[in-house]
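To start, the structure itself, in C-alpha cells.
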Amino acid sequence: MPTKQLHRVLHTLSNHWVGDGFPVRTLLAYGNGLDELQSPFLLLDYAGPHQFPPTTQRRGVGPHPHRGFETVTIVYDGEVEHRDSSGAGGKIGPGDVQWMTAASGLVHEEFHGREFAQRGGRFEMVQLWVNLPAKDKMNPPGYQGILNSQIPAVELPDGQGRVRVIAGEFDGASGPARTHTPINVWDMRLNAGRNLDVDVTDGHSTVLVVLKGEVQVNGAQTLHEAQAGLFELAGSRIHLASATDASILLLSGEPLDEPVVGQGPFVMNTMQEIRQAMSDYKDGKMGKL
C-alpha cells in the first residue's frame, strides 16, 4: 500500500487557560493555511496534565454559545460536567466521551465535576472541534454521552498495544459515536519497542496526536509529547514505531470541500452567516441556561 506521507508537525510552545479549569495547549487550529489537509477537523486543545488542589469553587467555563460544528471531549483523568440550552447534559470521567453537536446553535457550560473539584487531583482531557457540512449546520443541536464501557477496545497483535474505537471502524470494531460525515477517532496505546502499520483511507485527512511518549512516523520523523502530525491526503498506510509507551489519538476523515469562516465560537461558510449567528445569539435564539 502507498505510504501516507507526513506533511508537517504542529505544536505550541505555550499554553493558555480556558476559563479557570482548563489549562490547554492548542495543537490544531483552523485558518492556518492547512484547512484542506485537516478538514473536517477544526481545532484540538490538549488540557493538562495538571494537578488541581481541592476546592469548593466551580472550576471551568460558564455559559457561552456555539454554532456550526461539534465538540468532542475525551477525558483521561478527572471529571467534566456539561449542561446546555437544549436540555442535554451529563458528567463524564476517565475514558468517557461527550460528543456535542452545536449545529444551529446552543449555549453550554463546562465545569469540573463537583466531586472531583472537592477532592482535587490530576486532570487531563482533549477537546476536538469537528466541522459540519453546510447542509447540516442549521440542524437541531444534539448530544451524545458515551461511557468508557460503550467504547470497543481492540487488542493489537504481538503486544503492540490497543485501540479504543470512539468513532468509525478499526479492525472490524465500530465506534458508538454517530457522525455526520465519515470520521475515525481512535484512542490508541502503543507499547514501547513495537512497530505498527495503520491503514487509513486514501484521500482522507489524517492527524496523529501524541499525548504521551515518542512515536516515529514512517521510519523518519519522531513526534513527541503534545505534538500533532498532519499528513498528505494521498496514501493509505502509516508506519508507527514507539520508542516508549505512548498514548496517541489518530483522527481521519473525509474532507469537506467547503469554505471555512469562523469567528470565536461560530464556524460557518460565509461572513454573513457569522453575522447572523451573532445576531441570533444576542436575540436569545440559541436558548439560555
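Order determines the names: the first chain of the C-alpha cells is A, the second B, and so forth; residues in each chain are numbered 1 upward, and ligands are numbered 1 upward as they are shown.
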
With only C-alpha atoms counted and 10 Å as the cut-off, give the residues of stretch 5-86 of chain A in contact with stretch 210-219 of chain A, each with its shortest interatomic distance in Å and the pair that gives it, as CSV.
```
residue,atom,partner,partner_atom,distance
A:Gln5,CA,A:Asn218,CA,7.6
A:Leu6,CA,A:Val217,CA,7.6
A:Leu27,CA,A:Val210,CA,10.0
A:Tyr46,CA,A:Leu211,CA,8.0
A:Gly48,CA,A:Leu211,CA,9.9
A:Pro49,CA,A:Leu211,CA,9.7
```

Using only C-alpha atoms, find each residue of stretch 120-210 of chain A with at least one atom at most 8 Å away from an atom of stretch 104-110 of chain A; report its shortest atom-to-atom pair and that distance in Å (one decimal), sort the rows by chain and rising residue number, and return the result as a tab-separated table.
```
residue	atom	partner	partner_atom	distance
A:Lys137	CA	A:Ser104	CA	5.8
A:Met138	CA	A:Ser104	CA	3.9
A:Asn139	CA	A:Ser104	CA	5.4
A:Pro140	CA	A:Ser104	CA	5.8
A:Pro141	CA	A:Ser104	CA	6.3
```

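For stretch 5-118 of chain A, the set of residues given alpha helix (DSSP H) by DSSP on the backbone reads Asp35, Glu36, Leu37, Gln38, Arg114, Glu115, Phe116, Ala117 and Gln118 of chain A.
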
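Closest approach to A:Gly68 among A:Gln263, A:Ser14, A:Asn131, A:Thr244: A:Asn131, based on only C-alpha atoms.
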
Stretch 23-250 of chain A: residues DSSP assigns to strand (DSSP E), reported as a PyMOL selection string: chain A and resi 23-28+41-52+60-66+69-77+80-84+89-92+97-101+106-112+121-131+142-146+153-155+161-167+169-170+173-174+183-190+194-199+205-212+215-217+222-223+227-231+237-242+246-250

Residue with smallest distance to A:Gly113 - pool A:Val18, A:Met286, A:Leu34, A:Val80, counting only C-alpha atoms: A:Val80

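If you look at atom CA of A:Ser86 and atom CA of A:Gly253, they are 27.4 Å away from each other.
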
At a cut-off of 9 Å, can you tabulate as a tab-separated table every residue of stretch 145-190 of chain A near stretch 88-97 of chain A together with its closest atom pair and the distance in Å to one decimal, using only C-alpha atoms and ordering rows by chain then number?
```
residue	atom	partner	partner_atom	distance
A:Gly145	CA	A:Val97	CA	6.2
A:Ile146	CA	A:Val97	CA	5.0
A:Leu147	CA	A:Asp96	CA	4.5
A:Asn148	CA	A:Asp96	CA	4.6
A:Ser149	CA	A:Asp96	CA	8.2
A:Gln150	CA	A:Asp96	CA	8.8
A:Ile151	CA	A:Asp96	CA	8.5
A:Ile166	CA	A:Val97	CA	8.2
```

Based on the selection just made, write N, CA and C atoms of those residues as a JSON list (two decimals), in the first residue's frame.
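New file out.json:
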```json
[["chain", "number", "residue", "atom", "x", "y", "z"],
["A", 145, "GLY", "N", -23.59, 11.26, 25.10],
["A", 145, "GLY", "CA", -22.75, 10.95, 26.24],
["A", 145, "GLY", "C", -22.30, 9.50, 26.12],
["A", 146, "ILE", "N", -21.02, 9.28, 25.89],
["A", 146, "ILE", "CA", -20.50, 7.94, 25.59],
["A", 146, "ILE", "C", -19.60, 7.49, 26.74],
["A", 147, "LEU", "N", -19.99, 6.42, 27.40],
["A", 147, "LEU", "CA", -19.22, 5.89, 28.52],
["A", 147, "LEU", "C", -18.09, 5.00, 28.03],
["A", 148, "ASN", "N", -17.04, 4.93, 28.83],
["A", 148, "ASN", "CA", -15.90, 4.07, 28.52],
["A", 148, "ASN", "C", -16.35, 2.64, 28.22],
["A", 149, "SER", "N", -17.35, 2.17, 28.97],
["A", 149, "SER", "CA", -17.83, 0.78, 28.81],
["A", 149, "SER", "C", -18.51, 0.56, 27.47],
["A", 150, "GLN", "N", -18.90, 1.64, 26.78],
["A", 150, "GLN", "CA", -19.57, 1.52, 25.48],
["A", 150, "GLN", "C", -18.59, 1.58, 24.31],
["A", 151, "ILE", "N", -17.32, 1.86, 24.61],
["A", 151, "ILE", "CA", -16.33, 2.04, 23.55],
["A", 151, "ILE", "C", -15.55, 0.75, 23.37],
["A", 166, "ILE", "N", -13.62, 5.16, 19.17],
["A", 166, "ILE", "CA", -14.66, 6.10, 19.58],
["A", 166, "ILE", "C", -15.62, 6.38, 18.42]]
```

A:Pro265 environment, 12 Å, only C-alpha atoms, sequence neighbours closer than 2 positions dropped, as a PDB file with C-alpha atoms, in the first residue's frame:
```
ATOM      1  CA  LEU A  42     -11.030  22.417  13.083  1.00  0.00           C
ATOM      2  CA  LEU A  43      -9.275  22.598  16.429  1.00  0.00           C
ATOM      3  CA  PRO A  63     -22.302  29.835  29.616  1.00  0.00           C
ATOM      4  CA  HIS A  64     -21.121  30.504  26.044  1.00  0.00           C
ATOM      5  CA  PRO A  65     -22.575  29.808  22.572  1.00  0.00           C
ATOM      6  CA  HIS A  66     -21.587  27.650  19.601  1.00  0.00           C
ATOM      7  CA  ARG A  67     -22.943  27.188  16.078  1.00  0.00           C
ATOM      8  CA  GLY A  68     -21.886  25.224  13.003  1.00  0.00           C
ATOM      9  CA  PHE A  69     -19.757  22.384  14.362  1.00  0.00           C
ATOM     10  CA  GLU A  70     -19.355  19.661  17.009  1.00  0.00           C
ATOM     11  CA  THR A  71     -17.196  19.424  20.123  1.00  0.00           C
ATOM     12  CA  ALA A 102     -23.955  22.562  18.282  1.00  0.00           C
ATOM     13  CA  ALA A 103     -25.365  22.737  14.726  1.00  0.00           C
ATOM     14  CA  GLY A 105     -26.764  26.862  17.940  1.00  0.00           C
ATOM     15  CA  LEU A 106     -26.902  26.419  21.676  1.00  0.00           C
ATOM     16  CA  VAL A 107     -25.468  27.814  24.869  1.00  0.00           C
ATOM     17  CA  HIS A 108     -23.494  25.481  27.115  1.00  0.00           C
ATOM     18  CA  TRP A 129     -13.816  20.551  17.160  1.00  0.00           C
ATOM     19  CA  VAL A 261     -15.321  31.032   8.019  1.00  0.00           C
ATOM     20  CA  GLY A 262     -15.094  31.254  11.773  1.00  0.00           C
ATOM     21  CA  GLN A 263     -15.181  33.857  14.483  1.00  0.00           C
ATOM     22  CA  VAL A 267     -17.840  28.329  12.378  1.00  0.00           C
ATOM     23  CA  MET A 268     -19.887  28.732   9.200  1.00  0.00           C
ATOM     24  CA  ILE A 274     -21.311  34.566  11.119  1.00  0.00           C
ATOM     25  CA  ALA A 277     -25.093  33.759  14.312  1.00  0.00           C
ATOM     26  CA  MET A 278     -24.001  36.737  16.422  1.00  0.00           C
ATOM     27  CA  TYR A 281     -27.256  34.643  19.954  1.00  0.00           C
TER      28      TYR A 281
END
```

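Excluding A:Gln144 itself and any same-chain residue fewer than 6 positions from it, the protein and nucleic acid residues within 8 Å of it, counting only C-alpha atoms, are A:Gln98, A:Trp99, A:Met100, A:Ala177.
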
For the residues in the current selection, export all heavy atoms as a PDB file, in the first residue's frame.
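Here's the written file part.pdb:
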```
ATOM      1  N   GLN A  98     -17.830  13.050  25.592  1.00  0.00           N
ATOM      2  CA  GLN A  98     -19.020  13.848  25.277  1.00  0.00           C
ATOM      3  C   GLN A  98     -18.902  14.319  23.824  1.00  0.00           C
ATOM      4  O   GLN A  98     -17.889  14.915  23.457  1.00  0.00           O
ATOM      5  CB  GLN A  98     -19.131  15.071  26.190  1.00  0.00           C
ATOM      6  CG  GLN A  98     -19.530  14.745  27.612  1.00  0.00           C
ATOM      7  CD  GLN A  98     -19.501  15.969  28.515  1.00  0.00           C
ATOM      8  OE1 GLN A  98     -18.789  16.928  28.233  1.00  0.00           O
ATOM      9  NE2 GLN A  98     -20.252  15.933  29.596  1.00  0.00           N
ATOM     10  N   TRP A  99     -19.945  14.036  23.047  1.00  0.00           N
ATOM     11  CA  TRP A  99     -19.965  14.456  21.644  1.00  0.00           C
ATOM     12  C   TRP A  99     -21.155  15.397  21.472  1.00  0.00           C
ATOM     13  O   TRP A  99     -22.287  14.976  21.378  1.00  0.00           O
ATOM     14  CB  TRP A  99     -20.101  13.235  20.727  1.00  0.00           C
ATOM     15  CG  TRP A  99     -19.731  13.485  19.289  1.00  0.00           C
ATOM     16  CD1 TRP A  99     -20.349  14.324  18.406  1.00  0.00           C
ATOM     17  CD2 TRP A  99     -18.657  12.871  18.565  1.00  0.00           C
ATOM     18  NE1 TRP A  99     -19.753  14.289  17.187  1.00  0.00           N
ATOM     19  CE2 TRP A  99     -18.699  13.384  17.248  1.00  0.00           C
ATOM     20  CE3 TRP A  99     -17.683  11.931  18.884  1.00  0.00           C
ATOM     21  CZ2 TRP A  99     -17.803  12.992  16.259  1.00  0.00           C
ATOM     22  CZ3 TRP A  99     -16.790  11.531  17.900  1.00  0.00           C
ATOM     23  CH2 TRP A  99     -16.848  12.066  16.603  1.00  0.00           C
ATOM     24  N   MET A 100     -20.876  16.696  21.492  1.00  0.00           N
ATOM     25  CA  MET A 100     -21.935  17.694  21.412  1.00  0.00           C
ATOM     26  C   MET A 100     -22.019  18.283  20.017  1.00  0.00           C
ATOM     27  O   MET A 100     -21.015  18.772  19.480  1.00  0.00           O
ATOM     28  CB  MET A 100     -21.680  18.824  22.418  1.00  0.00           C
ATOM     29  CG  MET A 100     -22.820  19.851  22.469  1.00  0.00           C
ATOM     30  SD  MET A 100     -22.361  21.354  23.361  1.00  0.00           S
ATOM     31  CE  MET A 100     -21.389  22.207  22.103  1.00  0.00           C
ATOM     32  N   ALA A 177     -19.965   6.510  18.429  1.00  0.00           N
ATOM     33  CA  ALA A 177     -20.316   7.887  18.079  1.00  0.00           C
ATOM     34  C   ALA A 177     -20.995   7.951  16.718  1.00  0.00           C
ATOM     35  O   ALA A 177     -20.544   7.338  15.752  1.00  0.00           O
ATOM     36  CB  ALA A 177     -19.071   8.763  18.083  1.00  0.00           C
TER      37      ALA A 177
END
```

Residues within 12 Å of A:Ala173, only C-alpha atoms, excluding chain neighbours under 4 positions, as a list in words: Gln150, Ile151, Pro152, Ala153, Val154, Glu155, Val163, Arg164, Val165, Ile166, Ala167, Gly168, Glu169, Asn184 and Trp186 of chain A

Exercise: A:Arg119 partners within 8 Å, only C-alpha atoms, chain neighbours under 5 positions left out, as a list in words: Pro53, Pro54 and Thr55 of chain A

Please, could you write that set of residues out with N, CA, C and O atoms as an mmCIF file, in the first residue's frame?
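File selection_23.cif, as written:
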```cif
data_model
loop_
_atom_site.group_PDB
_atom_site.id
_atom_site.type_symbol
_atom_site.label_atom_id
_atom_site.label_comp_id
_atom_site.auth_asym_id
_atom_site.auth_seq_id
_atom_site.Cartn_x
_atom_site.Cartn_y
_atom_site.Cartn_z
ATOM 1 N N PRO A 53 -5.671 21.435 43.261
ATOM 2 C CA PRO A 53 -5.930 21.242 44.685
ATOM 3 C C PRO A 53 -7.430 21.172 44.954
ATOM 4 O O PRO A 53 -8.228 21.643 44.132
ATOM 5 N N PRO A 54 -7.841 20.608 46.081
ATOM 6 C CA PRO A 54 -9.269 20.579 46.417
ATOM 7 C C PRO A 54 -9.837 21.993 46.529
ATOM 8 O O PRO A 54 -9.141 22.935 46.908
ATOM 9 N N THR A 55 -11.112 22.124 46.168
ATOM 10 C CA THR A 55 -11.774 23.428 46.254
ATOM 11 C C THR A 55 -13.272 23.230 46.379
ATOM 12 O O THR A 55 -13.814 22.191 45.992
#
```

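For the set A:Thr73, A:Thr179, A:Ser252, A:Thr201, the residue with the smallest atom-to-atom gap to A:Ala234 is A:Thr201, counting only C-alpha atoms.
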
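Take the candidates A:Trp17, A:Phe41, A:Tyr30, A:Phe116 and check each one against A:Thr181 using only C-alpha atoms; the shortest distance goes to A:Phe41.
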
Pick from A:Arg114, A:Arg58, A:Lys135, A:His239 nearest to A:Val200, counting only C-alpha atoms: A:His239

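The closest residue to A:Asn32, picked from A:Val260, A:Ile248, A:His224, A:Met271 and counting only C-alpha atoms, is A:Val260.
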